file final.txt (compact mmCIF, C-alpha atoms)
# COMPACT_ATOMS: atom_id res chain seq x y z
CA LEU A 10 11.47 32.36 -9.03
CA LEU A 11 7.80 31.37 -8.81
CA LYS A 12 6.67 33.63 -11.65
CA THR A 13 9.04 31.93 -14.10
CA PHE A 14 6.82 28.83 -14.00
CA PRO A 15 3.69 28.16 -16.09
CA LYS A 16 0.60 30.05 -14.90
CA PHE A 17 -1.13 26.83 -13.91
CA ILE A 18 1.68 25.82 -11.54
CA TYR A 19 2.02 29.36 -10.17
CA ALA A 20 -1.69 29.54 -9.41
CA TYR A 21 -1.66 26.11 -7.80
CA ILE A 22 1.25 26.99 -5.56
CA CYS A 23 -0.18 30.34 -4.52
CA THR A 24 -3.41 28.84 -3.24
CA PRO A 25 -4.60 30.91 -0.25
CA LYS A 26 -4.94 29.60 3.30
CA MET A 27 -2.04 27.15 2.91
CA ASP A 28 -0.65 25.90 6.22
CA VAL A 29 3.07 26.00 7.06
CA LYS A 30 3.86 22.43 6.02
CA GLU A 31 1.99 22.74 2.73
CA ASN A 32 3.73 26.02 1.99
CA ILE A 33 7.13 24.42 2.62
CA ILE A 34 6.27 21.56 0.27
CA HIS A 35 5.09 23.82 -2.54
CA GLN A 36 7.95 26.30 -2.30
CA SER A 37 10.56 23.54 -1.96
CA LEU A 38 9.16 21.71 -4.98
CA ILE A 39 9.69 24.80 -7.10
CA LEU A 40 13.28 25.02 -5.84
CA PHE A 41 13.97 21.35 -6.60
CA LEU A 42 12.41 21.59 -10.06
CA LYS A 43 14.56 24.62 -10.81
CA LYS A 44 17.91 23.52 -9.36
CA GLY A 45 17.68 19.73 -9.00
CA VAL A 46 17.83 17.75 -5.76
CA LYS A 47 21.51 16.92 -5.39
CA GLN A 48 22.94 20.42 -4.97
CA VAL A 49 20.18 21.88 -2.78
CA ASN A 50 20.66 21.36 0.96
CA MET A 51 18.34 22.08 3.86
CA ASP A 52 20.13 25.37 4.62
CA GLU A 53 19.27 26.65 1.14
CA VAL A 54 15.68 25.44 1.45
CA ALA A 55 15.27 27.28 4.76
CA SER A 56 16.90 30.42 3.37
CA ASN A 57 14.73 30.33 0.25
CA LEU A 58 11.58 30.10 2.37
CA GLY A 59 12.73 32.66 4.93
CA ILE A 60 12.39 30.22 7.83
CA SER A 61 14.78 28.49 10.21
CA LYS A 62 16.10 24.94 9.74
CA LYS A 63 14.43 24.16 13.07
CA THR A 64 11.06 24.90 11.48
CA LEU A 65 11.91 22.58 8.59
CA TYR A 66 12.77 19.73 10.93
CA ILE A 67 9.55 20.18 12.87
CA HIS A 68 7.68 19.07 9.74
CA PHE A 69 10.19 16.79 7.96
CA ASP A 70 12.65 14.23 9.28
CA ASN A 71 15.37 15.05 6.75
CA LYS A 72 15.97 16.16 3.16
CA GLN A 73 14.86 12.80 1.79
CA ASP A 74 11.55 13.08 3.63
CA LEU A 75 11.02 16.60 2.27
CA ILE A 76 11.82 15.53 -1.30
CA HIS A 77 9.40 12.61 -1.06
CA HIS A 78 6.58 14.88 0.09
CA CYS A 79 7.42 17.36 -2.67
CA PHE A 80 7.10 14.78 -5.42
CA GLN A 81 3.93 13.35 -3.96
CA ARG A 82 2.57 16.86 -4.47
CA HIS A 83 4.20 16.96 -7.92
CA ASN A 84 2.16 13.91 -8.93
CA GLN A 85 -1.06 15.57 -7.82
CA MET A 86 -0.15 18.71 -9.75
CA PHE A 87 0.68 16.66 -12.84
CA GLU A 88 -2.69 14.88 -12.77
CA GLU A 89 -4.50 18.18 -12.34
CA MET A 90 -2.45 19.72 -15.14
CA ILE A 91 -3.41 16.88 -17.51
CA ASN A 92 -7.07 17.23 -16.59
CA ASN A 93 -6.76 20.96 -17.22
CA SER A 94 -5.48 20.14 -20.72
CA PHE A 95 -8.84 18.50 -21.43
CA SER A 96 -10.91 21.47 -20.26
CA GLN A 97 -11.66 22.53 -23.85
CA PRO A 98 -13.37 20.27 -26.43
CA HIS A 99 -10.79 18.17 -28.28
CA ASN A 100 -10.72 15.20 -30.53
CA ALA A 101 -8.25 12.45 -29.65
CA ILE A 102 -5.38 13.94 -31.66
CA ASP A 103 -5.91 17.39 -30.15
CA GLU A 104 -5.85 15.80 -26.70
CA LEU A 105 -2.39 14.33 -27.27
CA PHE A 106 -0.94 17.63 -28.45
CA ALA A 107 -2.58 19.45 -25.52
CA ILE A 108 -0.94 17.01 -23.10
CA ASP A 109 2.43 17.52 -24.76
CA GLU A 110 2.09 21.30 -24.54
CA SER A 111 1.37 21.15 -20.80
CA VAL A 112 4.22 18.72 -20.14
CA SER A 113 6.69 20.74 -22.20
CA LEU A 114 5.79 23.91 -20.27
CA MET A 115 6.59 22.15 -17.01
CA MET A 116 9.78 20.53 -18.33
CA LYS A 117 11.01 23.82 -19.82
CA LYS A 118 11.47 25.18 -16.31
CA THR A 119 12.75 21.93 -14.82
CA ASN A 120 16.42 21.25 -14.23
CA PRO A 121 17.58 18.81 -16.96
CA TYR A 122 19.47 16.71 -14.41
CA LEU A 123 16.56 16.35 -11.97
CA LEU A 124 15.14 13.03 -13.17
CA GLY A 125 18.56 11.42 -13.28
CA GLU A 126 19.33 12.65 -9.76
CA LEU A 127 16.06 11.28 -8.39
CA LYS A 128 16.67 7.91 -10.03
CA ARG A 129 20.23 7.66 -8.69
CA TYR A 130 19.95 9.15 -5.21
CA TYR A 131 16.27 8.92 -4.22
CA PRO A 132 14.93 5.63 -5.63
CA ASN A 133 11.86 5.59 -3.38
CA THR A 134 10.82 8.99 -4.70
CA TRP A 135 11.65 7.91 -8.26
CA ASN A 136 9.19 5.06 -7.75
CA LEU A 137 6.46 7.67 -7.19
CA LEU A 138 7.08 8.97 -10.71
CA GLU A 139 7.07 5.43 -12.06
CA GLU A 140 3.73 4.84 -10.35
CA LEU A 141 2.37 8.03 -11.93
CA LYS A 142 3.45 6.77 -15.34
CA GLN A 143 2.06 3.27 -14.93
CA LYS A 144 -1.30 4.29 -13.48
CA VAL A 145 -2.19 7.79 -14.62
CA LEU A 146 -0.50 7.92 -18.02
CA PHE A 147 -1.58 4.38 -18.86
CA ASN A 148 -5.24 5.22 -18.31
CA ILE A 149 -4.94 8.52 -20.20
CA MET A 150 -3.35 6.86 -23.23
CA LYS A 151 -5.77 3.94 -23.17
CA ASN A 152 -8.80 6.24 -23.05
CA ASN A 153 -7.31 8.36 -25.82
CA LEU A 154 -6.98 5.31 -28.06
CA ILE A 155 -10.57 4.28 -27.38
CA SER A 156 -11.80 7.82 -28.15
CA GLY A 157 -9.72 8.01 -31.33
CA ILE A 158 -11.15 4.72 -32.59
CA GLN A 159 -14.70 5.92 -31.88
CA GLN A 160 -13.95 9.17 -33.76
CA GLU A 161 -12.53 7.15 -36.69
CA LEU A 162 -9.19 8.93 -36.32
CA TYR A 163 -7.43 5.72 -35.22
CA ARG A 164 -7.68 2.30 -36.85
CA SER A 165 -10.39 0.07 -35.39
CA GLU A 166 -8.27 -3.09 -35.41
CA LEU A 167 -5.71 -1.70 -32.94
CA ASP A 168 -5.00 -3.74 -29.82
CA VAL A 169 -5.53 -0.95 -27.30
CA ASP A 170 -3.68 -2.66 -24.44
CA ILE A 171 -0.57 -3.42 -26.51
CA ILE A 172 -0.39 0.03 -28.11
CA THR A 173 -0.81 1.71 -24.73
CA LYS A 174 2.13 -0.27 -23.35
CA PHE A 175 4.20 0.72 -26.39
CA VAL A 176 3.45 4.38 -25.67
CA ILE A 177 4.37 4.08 -21.99
CA SER A 178 7.62 2.26 -22.79
CA ARG A 179 8.65 5.09 -25.15
CA THR A 180 8.13 7.52 -22.30
CA ASP A 181 11.08 5.84 -20.56
CA THR A 182 13.25 6.59 -23.58
CA LEU A 183 12.30 10.27 -23.67
CA VAL A 184 13.43 10.79 -20.05
CA ASN A 185 16.52 8.58 -20.32
CA ASP A 186 19.39 11.06 -20.06
CA GLU A 187 21.82 8.55 -21.58
CA ILE A 188 19.80 8.60 -24.83
CA PHE A 189 18.27 12.07 -24.89
CA THR A 190 20.33 14.37 -22.67
CA LEU A 191 18.13 17.37 -21.99
CA THR A 192 21.10 19.71 -22.13
CA VAL A 193 21.42 18.70 -25.79
CA TYR A 194 17.86 17.96 -26.91
CA ASN A 195 14.86 20.25 -26.63
CA PHE A 196 12.19 18.32 -24.73
CA LYS A 197 9.36 19.99 -26.65
CA ASP A 198 10.91 18.78 -29.91
CA LEU A 199 11.23 15.26 -28.48
CA LEU A 200 7.55 15.25 -27.53
CA LYS A 201 6.51 16.54 -30.95
CA GLU A 202 8.52 13.97 -32.91
CA ASN A 203 7.38 11.17 -30.61
CA ARG A 204 3.74 12.22 -30.93
CA ILE A 205 3.83 12.45 -34.73
CA TYR A 206 5.58 9.06 -34.89
CA HIS A 207 2.88 7.55 -32.67
CA ILE A 208 -0.12 9.02 -34.48
CA ARG A 209 1.15 8.10 -37.96
CA GLY A 210 1.41 4.50 -36.78
CA ILE A 211 -2.18 4.22 -35.55
CA ALA A 212 -4.19 6.72 -37.62
CA THR A 213 -6.79 6.14 -40.31
CA PRO A 214 -6.60 8.22 -43.53
CA LYS A 215 -8.97 10.64 -41.81
CA GLY A 216 -6.60 10.82 -38.84
CA ILE A 217 -3.54 11.35 -41.06
CA LYS A 218 -5.31 14.20 -42.85
CA TYR A 219 -6.13 15.85 -39.51
CA LEU A 220 -2.57 15.29 -38.26
CA GLU A 221 -1.13 17.00 -41.34
CA LYS A 222 -3.41 19.97 -40.69
CA LYS A 223 -2.29 20.02 -37.07
CA ILE A 224 1.40 19.93 -37.99
CA ASN A 225 0.96 22.87 -40.34
CA GLU A 226 -0.55 24.87 -37.48
CA LEU A 227 2.33 24.19 -35.08

call {"tool": "encode", "arguments": {"input": "final.txt", "output": "structure tokens"}}
result
Amino acid sequence: LLKTFPKFIYAYICTPKMDVKENIIHQSLILFLKKGVKQVNMDEVASNLGISKKTLYIHFDNKQDLIHHCFQRHNQMFEEMINNSFSQPHNAIDELFAIDESVSLMMKKTNPYLLGELKRYYPNTWNLLEELKQKVLFNIMKNNLISGIQQELYRSELDVDIITKFVISRTDTLVNDEIFTLTVYNFKDLLKENRIYHIRGIATPKGIKYLEKKINEL
């Protein structure tokens, strides 16, 4: 199961010298990403890890507590994944496509019903993902706009704060299963169309020319 996930996640999860609680969190997160949170019970978690339920309950009060810890770790992984996307030199447009590639790799191996289940059944944990979006993604998109303006790829007259909020609000639409059901739509295609739509709206002629080159390379 682990090796079906992107190399970055696999390497992160297989970090040596992990204590029992951390190992439970990492392994359980993979299970929840793969199968969702509604159908997986604590018996299956224990069986998947090769431990007893008693061991689980030594470290976690209940399934809700375990899920919350798992998605706290998920947020840390997501931030590290995004930073890893910037490890090579990019201009602002390259950065956006690199982010989308990393996100699509993670979502490709994620149960399409997971986000809806978290929102419906585990609202406190869903709020963790909302916090990630409002804090981490907001800063990433804002900095990207500033860089793009400096590189003359984006128009200088843009209101960075307003455009950033537009971008974040569209993120809600992409993960809204009533609009884009992930059993019907390919998430990578959604990201691509959303990104092209966004860049065309803010780019200078220089930026449009680079975008066209980028699209032809996809």

call {"tool": "residues_around", "arguments": {"input": "final.txt", "residues": "stretch 110-126 of chain A", "least_positions_apart": "6", "cutoff": "7 Å", "atoms": "only C-alpha atoms", "output": "list in words"}}
result
Phe14, Pro15, Leu42, Lys43, Lys44, Gly45, Val46, Lys47, Met90, Ser94, Asp186, Leu191, Thr192, Phe196 and Lys197 of chain A

call {"tool": "closest_residue", "arguments": {"input": "final.txt", "among": "A:Leu127, A:Ile102, A:Ile171, A:Lys72", "to": "A:Glu221", "atoms": "all atoms listed in the file"}}
result
A:Ile102

call {"tool": "closest_residue", "arguments": {"input": "final.txt", "among": "A:Ile172, A:Ile205, A:Ile33, A:Leu105", "to": "A:Ile60", "atoms": "all atoms listed in the file"}}
result
A:Ile33

call {"tool": "closest_residue", "arguments": {"input": "final.txt", "among": "A:Leu199, A:Val193, A:Ile211, A:Val29", "to": "A:Phe175", "atoms": "all atoms listed in the file"}}
result
A:Ile211

call {"tool": "closest_residue", "arguments": {"input": "final.txt", "among": "A:Lys174, A:Lys201, A:Arg82, A:His68", "to": "A:Ile149", "atoms": "all atoms listed in the file"}}
result
A:Lys174

call {"tool": "closest_residue", "arguments": {"input": "final.txt", "among": "A:His78, A:Lys30, A:Lys218, A:Lys63", "to": "A:Leu137", "atoms": "all atoms listed in the file"}}
result
A:His78

call {"tool": "atom_distance", "arguments": {"input": "final.txt", "atom1": "atom CA of A:Gly59", "atom2": "atom CA of A:Thr134"}}
result
25.6 Å

call {"tool": "atom_distance", "arguments": {"input": "final.txt", "atom1": "atom CA of A:Gln48", "atom2": "atom CA of A:Tyr66"}}
result
18.9 Å

call {"tool": "closest_residue", "arguments": {"input": "final.txt", "among": "A:Leu220, A:Leu38, A:Leu65, A:Ala212", "to": "A:Met86", "atoms": "all atoms listed in the file"}}
result
A:Leu38

call {"tool": "residues_around", "arguments": {"input": "final.txt", "residues": "A:Glu202", "least_positions_apart": "4", "cutoff": "12 Å", "atoms": "all atoms listed in the file", "output": "PyMOL selection string"}}
result
chain A and resi 106+109+179+183+194-198+206-209+224
